[in-house]
file data09.txt (compact mmCIF, C-alpha atoms)
# COMPACT_ATOMS: atom_id res chain seq x y z
CA MET A 1 59.78 107.75 80.62
CA THR A 2 56.51 105.89 81.04
CA ALA A 3 55.93 103.27 83.73
CA SER A 4 55.69 100.60 81.03
CA SER A 5 59.21 101.39 79.81
CA ALA A 6 60.81 102.24 83.16
CA PRO A 7 63.52 99.89 84.44
CA VAL A 8 62.71 97.35 87.12
CA ALA A 9 65.15 99.13 89.40
CA SER A 10 67.16 102.32 89.14
CA VAL A 11 69.71 102.80 91.92
CA ARG A 12 71.70 106.02 91.99
CA ASP A 13 74.60 106.78 94.32
CA ILE A 14 73.28 104.97 97.40
CA SER A 15 75.18 104.16 100.57
CA LYS A 16 74.28 102.27 103.72
CA THR A 17 76.24 102.37 106.96
CA PHE A 18 75.95 99.94 109.86
CA GLY A 19 77.93 101.34 112.77
CA GLN A 20 81.41 101.99 111.39
CA ARG A 21 80.99 99.69 108.38
CA LYS A 22 79.90 100.82 104.92
CA ALA A 23 77.70 97.99 103.65
CA LEU A 24 77.06 99.99 100.46
CA ASN A 25 79.31 102.78 99.28
CA GLY A 26 78.10 104.97 96.43
CA VAL A 27 76.42 102.19 94.47
CA SER A 28 74.69 102.97 91.17
CA VAL A 29 73.09 100.32 88.98
CA GLU A 30 70.09 99.88 86.71
CA VAL A 31 68.21 96.69 85.88
CA GLY A 32 65.97 96.77 82.83
CA GLN A 33 62.74 94.95 82.22
CA ARG A 34 63.07 91.32 81.06
CA GLU A 35 66.62 91.08 82.43
CA MET A 36 67.70 88.21 84.68
CA VAL A 37 70.49 89.49 86.89
CA ALA A 38 72.50 87.77 89.60
CA LEU A 39 73.98 89.70 92.51
CA ILE A 40 77.09 87.94 93.77
CA GLY A 41 79.99 88.67 96.08
CA PRO A 42 81.72 87.41 99.21
CA SER A 43 80.00 87.41 102.59
CA GLY A 44 79.38 90.97 103.76
CA SER A 45 79.85 92.44 100.28
CA GLY A 46 76.48 94.22 100.39
CA LYS A 47 74.43 92.17 97.90
CA SER A 48 71.54 91.39 100.27
CA THR A 49 71.59 94.95 101.60
CA LEU A 50 71.29 96.22 98.03
CA LEU A 51 68.34 93.94 97.27
CA ARG A 52 66.55 94.85 100.50
CA SER A 53 67.15 98.53 99.80
CA ILE A 54 65.53 98.19 96.37
CA THR A 55 62.40 96.79 98.02
CA GLY A 56 62.39 99.44 100.73
CA LEU A 57 62.85 96.85 103.47
CA GLN A 58 66.17 98.53 104.31
CA THR A 59 66.62 102.29 104.48
CA ILE A 60 69.65 103.87 102.83
CA ASP A 61 71.80 106.63 104.32
CA ALA A 62 70.64 110.22 104.06
CA GLY A 63 72.27 111.98 101.13
CA PRO A 64 72.04 112.00 97.35
CA GLY A 65 71.00 108.36 96.96
CA VAL A 66 67.74 107.54 95.16
CA ILE A 67 66.05 104.21 94.41
CA GLU A 68 63.21 103.87 91.93
CA VAL A 69 61.22 100.78 90.92
CA PHE A 70 59.29 100.95 87.66
CA GLY A 71 59.75 104.72 87.73
CA ARG A 72 58.26 105.11 91.22
CA THR A 73 60.42 106.39 94.05
CA VAL A 74 61.04 103.77 96.75
CA GLN A 75 63.34 105.93 98.84
CA LYS A 76 65.61 108.95 98.72
CA ASN A 77 67.64 110.94 101.22
CA GLY A 78 67.33 108.06 103.67
CA ARG A 79 63.53 108.11 103.73
CA ILE A 80 61.09 105.47 102.49
CA ALA A 81 58.36 106.81 100.21
CA GLY A 82 54.92 107.03 101.79
CA ASP A 83 53.33 104.97 99.00
CA VAL A 84 56.00 102.26 99.00
CA ARG A 85 53.39 99.53 99.49
CA LYS A 86 51.92 100.31 96.07
CA THR A 87 55.35 99.96 94.54
CA ARG A 88 56.11 96.72 96.40
CA ALA A 89 52.89 95.26 94.96
CA LYS A 90 54.70 95.14 91.62
CA LEU A 91 57.48 93.00 93.11
CA GLY A 92 57.33 89.33 93.98
CA MET A 93 59.80 88.88 96.84
CA ILE A 94 61.30 85.48 97.58
CA PHE A 95 63.49 84.87 100.61
CA GLN A 96 65.98 82.25 101.76
CA GLN A 97 63.67 81.08 104.57
CA PHE A 98 60.57 80.97 102.28
CA ASN A 99 58.44 83.33 104.46
CA LEU A 100 55.47 80.98 104.44
CA VAL A 101 53.10 80.65 107.39
CA GLY A 102 53.92 77.17 108.61
CA ARG A 103 50.55 76.37 110.19
CA LEU A 104 48.62 77.29 107.02
CA SER A 105 48.21 75.03 104.02
CA LEU A 106 50.34 75.63 100.97
CA PHE A 107 47.19 76.74 99.13
CA SER A 108 46.37 79.33 101.82
CA ASN A 109 49.92 80.65 101.68
CA VAL A 110 49.65 81.13 97.94
CA MET A 111 46.30 82.87 98.35
CA LEU A 112 48.03 85.48 100.52
CA GLY A 113 49.48 86.78 97.26
CA ALA A 114 46.02 88.12 96.42
CA LEU A 115 45.70 90.25 99.56
CA GLY A 116 47.01 93.39 97.93
CA ARG A 117 44.07 93.64 95.55
CA LEU A 118 41.25 92.40 97.78
CA PRO A 119 39.21 94.32 100.37
CA PHE A 120 40.80 93.97 103.81
CA LEU A 121 37.90 92.11 105.43
CA THR A 122 37.62 89.72 102.50
CA GLY A 123 41.26 88.73 102.88
CA LEU A 124 41.03 88.58 106.66
CA ALA A 125 38.08 86.20 106.49
CA GLY A 126 39.68 84.06 103.80
CA ALA A 127 36.65 84.61 101.55
CA TRP A 128 38.68 84.21 98.41
CA PRO A 129 36.94 84.80 95.05
CA GLN A 130 36.61 81.67 92.97
CA ALA A 131 38.66 83.17 90.15
CA ASP A 132 41.59 83.70 92.54
CA ARG A 133 41.23 80.17 93.91
CA GLU A 134 41.50 78.80 90.39
CA ARG A 135 44.50 81.01 89.63
CA ALA A 136 46.19 79.82 92.83
CA MET A 137 45.78 76.17 91.87
CA ALA A 138 47.02 76.93 88.36
CA ALA A 139 50.11 78.63 89.84
CA LEU A 140 50.78 75.64 92.13
CA HIS A 141 50.39 73.30 89.19
CA ARG A 142 52.76 75.36 87.10
CA VAL A 143 55.54 75.14 89.67
CA GLY A 144 54.89 71.44 90.22
CA VAL A 145 53.50 71.33 93.77
CA SER A 146 49.71 71.30 93.29
CA ASP A 147 49.56 67.81 94.83
CA TYR A 148 50.62 69.37 98.14
CA ALA A 149 48.09 72.23 98.13
CA ALA A 150 46.26 70.98 101.23
CA GLN A 151 49.36 70.22 103.30
CA ARG A 152 50.59 72.52 106.04
CA ALA A 153 53.56 74.46 104.76
CA ASN A 154 55.81 73.37 107.63
CA THR A 155 55.42 69.70 106.63
CA LEU A 156 56.89 70.30 103.17
CA SER A 157 60.48 70.16 102.01
CA GLY A 158 62.43 73.37 101.51
CA GLY A 159 62.23 73.03 97.75
CA GLN A 160 58.47 72.54 97.83
CA GLN A 161 58.04 75.56 100.10
CA GLN A 162 60.20 77.73 97.86
CA ARG A 163 58.20 76.76 94.79
CA GLY A 164 55.10 77.64 96.78
CA ALA A 165 56.61 81.07 97.36
CA ILE A 166 57.06 81.44 93.60
CA ALA A 167 53.43 80.44 93.07
CA ARG A 168 52.41 83.15 95.56
CA ALA A 169 54.32 85.73 93.48
CA LEU A 170 52.51 84.50 90.37
CA LEU A 171 49.12 84.97 92.02
CA GLN A 172 50.18 88.40 93.21
CA GLY A 173 50.63 89.42 89.58
CA ALA A 174 54.18 90.60 90.19
CA GLN A 175 55.93 92.41 87.34
CA ALA A 176 59.38 91.46 88.60
CA ILE A 177 60.89 88.95 91.01
CA LEU A 178 63.47 89.86 93.66
CA ALA A 179 64.95 86.78 95.30
CA ASP A 180 67.39 86.90 98.21
CA GLU A 181 69.48 83.71 98.37
CA PRO A 182 66.47 81.60 97.32
CA VAL A 183 68.47 78.36 97.00
CA ALA A 184 70.87 78.73 99.93
CA SER A 185 68.85 76.40 102.17
CA LEU A 186 68.14 73.81 99.48
CA ASP A 187 69.86 70.67 98.24
CA PRO A 188 71.34 70.93 94.71
CA VAL A 189 68.43 69.12 93.00
CA SER A 190 65.80 71.37 94.61
CA ALA A 191 67.96 74.40 93.96
CA ARG A 192 68.13 73.65 90.24
CA LYS A 193 64.34 73.30 90.08
CA VAL A 194 63.86 76.66 91.77
CA MET A 195 66.37 78.37 89.49
CA GLU A 196 64.71 76.81 86.44
CA GLN A 197 61.38 78.23 87.60
CA LEU A 198 62.91 81.69 87.87
CA VAL A 199 64.39 81.36 84.38
CA GLU A 200 60.97 80.35 83.03
CA LEU A 201 59.33 83.38 84.63
CA ASN A 202 61.95 85.54 82.99
CA GLN A 203 61.89 83.98 79.54
CA ARG A 204 58.25 82.91 79.19
CA ASP A 205 56.50 85.62 81.21
CA GLY A 206 58.96 88.43 80.55
CA LEU A 207 59.45 89.21 84.24
CA GLY A 208 62.61 90.93 85.35
CA VAL A 209 64.48 88.85 87.91
CA ILE A 210 67.13 90.02 90.38
CA VAL A 211 68.54 87.20 92.48
CA THR A 212 71.32 87.18 95.06
CA LEU A 213 73.38 84.02 94.91
CA HIS A 214 76.28 82.62 96.88
CA GLN A 215 76.90 80.02 94.18
CA VAL A 216 78.85 81.56 91.29
CA ASP A 217 78.27 78.53 89.07
CA TYR A 218 74.51 79.06 89.38
CA ALA A 219 74.88 82.74 88.50
CA ILE A 220 76.87 81.85 85.38
CA ARG A 221 74.50 79.05 84.35
CA TYR A 222 71.15 80.76 84.87
CA CYS A 223 71.69 84.54 84.55
CA GLN A 224 72.72 86.52 81.49
CA ARG A 225 74.10 89.41 83.54
CA VAL A 226 76.03 89.40 86.79
CA ILE A 227 76.65 92.28 89.18
CA ALA A 228 79.36 91.55 91.73
CA LEU A 229 79.86 93.56 94.89
CA LYS A 230 82.97 93.72 97.02
CA ALA A 231 83.21 95.75 100.22
CA GLY A 232 80.05 97.67 99.32
CA LYS A 233 81.11 98.71 95.83
CA ILE A 234 80.42 97.37 92.34
CA ALA A 235 83.36 95.16 91.37
CA TYR A 236 81.91 93.76 88.14
CA ASP A 237 78.82 94.43 86.03
CA GLY A 238 78.56 92.59 82.77
CA PRO A 239 77.74 89.34 81.01
CA SER A 240 78.10 86.17 83.04
CA SER A 241 80.39 84.84 80.33
CA GLY A 242 82.94 87.48 81.31
CA LEU A 243 83.48 86.02 84.78
CA ASP A 244 86.81 84.32 84.20
CA ARG A 245 88.90 82.96 87.05
CA PRO A 246 91.19 86.02 87.46
CA THR A 247 88.10 88.25 87.76
CA LEU A 248 86.52 85.94 90.31
CA ILE A 249 89.73 85.78 92.35
CA GLU A 250 89.79 89.57 92.39
CA ILE A 251 86.19 89.61 93.64
CA TYR A 252 86.32 86.77 96.16
CA GLY A 253 89.95 86.49 97.25
CA PRO A 254 90.37 83.63 99.75
CA GLU A 255 86.63 82.80 99.55
CA ILE A 256 86.90 81.74 95.91
CA GLU A 257 86.87 78.01 96.69
CA ASP A 258 83.62 78.38 98.69
CA ALA A 259 81.83 80.26 95.92
CA PHE A 260 81.02 77.23 93.81
CA TRP A 261 78.40 74.62 94.62
CA GLU A 262 79.23 72.01 92.00
CA GLY A 263 82.91 72.60 91.41
CA ASP A 264 84.86 75.47 89.87
CA PRO A 265 84.20 75.33 86.11
CA THR A 266 86.95 77.82 85.30
call {"tool": "encode", "arguments": {"input": "data09.txt", "output": "structure tokens"}}
result
Amino acid sequence: MTASSAPVASVRDISKTFGQRKALNGVSVEVGQREMVALIGPSGSGKSTLLRSITGLQTIDAGPGVIEVFGRTVQKNGRIAGDVRKTRAKLGMIFQQFNLVGRLSLFSNVMLGALGRLPFLTGLAGAWPQADRERAMAALHRVGVSDYAAQRANTLSGGQQQRGAIARALLQGAQAILADEPVASLDPVSARKVMEQLVELNQRDGLGVIVTLHQVDYAIRYCQRVIALKAGKIAYDGPSSGLDRPTLIEIYGPEIEDAFWEGDPT
């Protein structure tokens, strides 16, 4: 299999233990290129642990488990690959708390997406090439926040910051987007705008997208495929249209009423 045809993520028989608790228990899943996949499940189900393991930000247990991204090994046998930074460069990672540097302008935060391909001293000095500056402004314009390019990131709303994080991933040249609860801290209007941006990256740019969501209605509305975890195991993997109420009750149990942002559509 060539890198161009390799799946965004291939996860085989991985587990992760925290103390006495199995956060992941023999999980295997594959996400192909151009897919938009939601990871859902009740609190503590393992969805964020799975996403962080795919990026190599969380080590898995020693054993048979292997994680590959675009055909490159991220980790196996509980060890992170030595060249994991090269693999991460293919992934645009978006987090619940935005991960922007608050004292820097939104433009400067987006420019940080270019660090991986620039000489260290160039990036350190902020001597950004003109072509990258233009690409950064184009990315900010695309996500609708170019008017705020000069503002410090910590003066912006959560939705504006999150769209800035998406612009940073665009400048990075990411081949896939991994987003961990990207709308959890946002109001519903801002959340919809962020989800629409992720859908556009998937449909227009052909980027694979894996996004963890607490809101089941958003998973059904915006993602074609849903993977649900429960107690560290895969409880559902299929089309979002297959998530009927009995299935969701089986997944969420007593938390079912908290799993919808805008009302239970089922």
call {"tool": "residues_around", "arguments": {"input": "data09.txt", "residues": "region 218-228 of chain A", "least_positions_apart": "4", "cutoff": "6 Å", "atoms": "all atoms listed in the file", "output": "ChimeraX atom specification"}}
result
/A:36-41,234-240
call {"tool": "residues_near_point", "arguments": {"input": "data09.txt", "point": "(83.7, 101.0, 96.5)", "cutoff": "9 Å", "atoms": "all atoms listed in the file", "output": "list of chain:residue names"}}
result
A:Leu24, A:Asn25, A:Gly26, A:Val27, A:Leu229, A:Lys230, A:Ala231, A:Gly232, A:Lys233, A:Ile234, A:Ala235
call {"tool": "residues_near_point", "arguments": {"input": "data09.txt", "point": "(64.0, 89.3, 90.8)", "cutoff": "12 Å", "atoms": "all atoms listed in the file", "output": "PyMOL selection string"}}
result
chain A and resi 8-9+31-39+51-52+54-55+69+90-95+166+169+174-182+195+197-199+201-202+206-213+223
call {"tool": "atom_distance", "arguments": {"input": "data09.txt", "atom1": "CA of Gly144 (chain A)", "atom2": "CA of His214 (chain A)"}}
result
25.0 Å
call {"tool": "residues_around", "arguments": {"input": "data09.txt", "residues": "Asp258 (chain A)", "least_positions_apart": "4", "cutoff": "12 Å", "atoms": "all atoms listed in the file", "output": "PDB file with C-alpha atoms, keeping the file's coordinate frame"}}
result
ATOM      1  CA  GLY A  41      79.990  88.670  96.080  1.00  0.00           C
ATOM      2  CA  PRO A  42      81.720  87.410  99.210  1.00  0.00           C
ATOM      3  CA  SER A  43      80.000  87.410 102.590  1.00  0.00           C
ATOM      4  CA  HIS A 214      76.280  82.620  96.880  1.00  0.00           C
ATOM      5  CA  GLN A 215      76.900  80.020  94.180  1.00  0.00           C
ATOM      6  CA  VAL A 216      78.850  81.560  91.290  1.00  0.00           C
ATOM      7  CA  ASP A 217      78.270  78.530  89.070  1.00  0.00           C
ATOM      8  CA  LEU A 248      86.520  85.940  90.310  1.00  0.00           C
ATOM      9  CA  ILE A 249      89.730  85.780  92.350  1.00  0.00           C
ATOM     10  CA  TYR A 252      86.320  86.770  96.160  1.00  0.00           C
ATOM     11  CA  GLY A 253      89.950  86.490  97.250  1.00  0.00           C
ATOM     12  CA  PRO A 254      90.370  83.630  99.750  1.00  0.00           C
ATOM     13  CA  GLU A 262      79.230  72.010  92.000  1.00  0.00           C
ATOM     14  CA  GLY A 263      82.910  72.600  91.410  1.00  0.00           C
ATOM     15  CA  ASP A 264      84.860  75.470  89.870  1.00  0.00           C
TER      16      ASP A 264
END
call {"tool": "closest_residue", "arguments": {"input": "data09.txt", "among": "A:Ala149, A:Ile251, A:Val194, A:Met137", "to": "Gln162 (chain A)", "atoms": "only C-alpha atoms"}}
result
A:Val194
call {"tool": "atom_distance", "arguments": {"input": "data09.txt", "atom1": "CA of Lys47 (chain A)", "atom2": "CA of Ala81 (chain A)"}}
result
21.9 Å
call {"tool": "closest_residue", "arguments": {"input": "data09.txt", "among": "A:Lys86, A:Arg72, A:Arg142, A:Arg163", "to": "Leu100 (chain A)", "atoms": "all atoms listed in the file"}}
result
A:Arg163
call {"tool": "atom_distance", "arguments": {"input": "data09.txt", "atom1": "CA of Leu243 (chain A)", "atom2": "CA of Ala6 (chain A)"}}
result
27.9 Å
call {"tool": "axis_aligned_box", "arguments": {"input": "data09.txt", "around": "region 35-54 of chain A", "padding_each_side": "3 Å", "output": "lines of an AutoDock Vina configuration file"}}
result
center_x = 73.6
center_y = 93.0
center_z = 93.1
size_x = 22.2
size_y = 17.1
size_z = 27.3
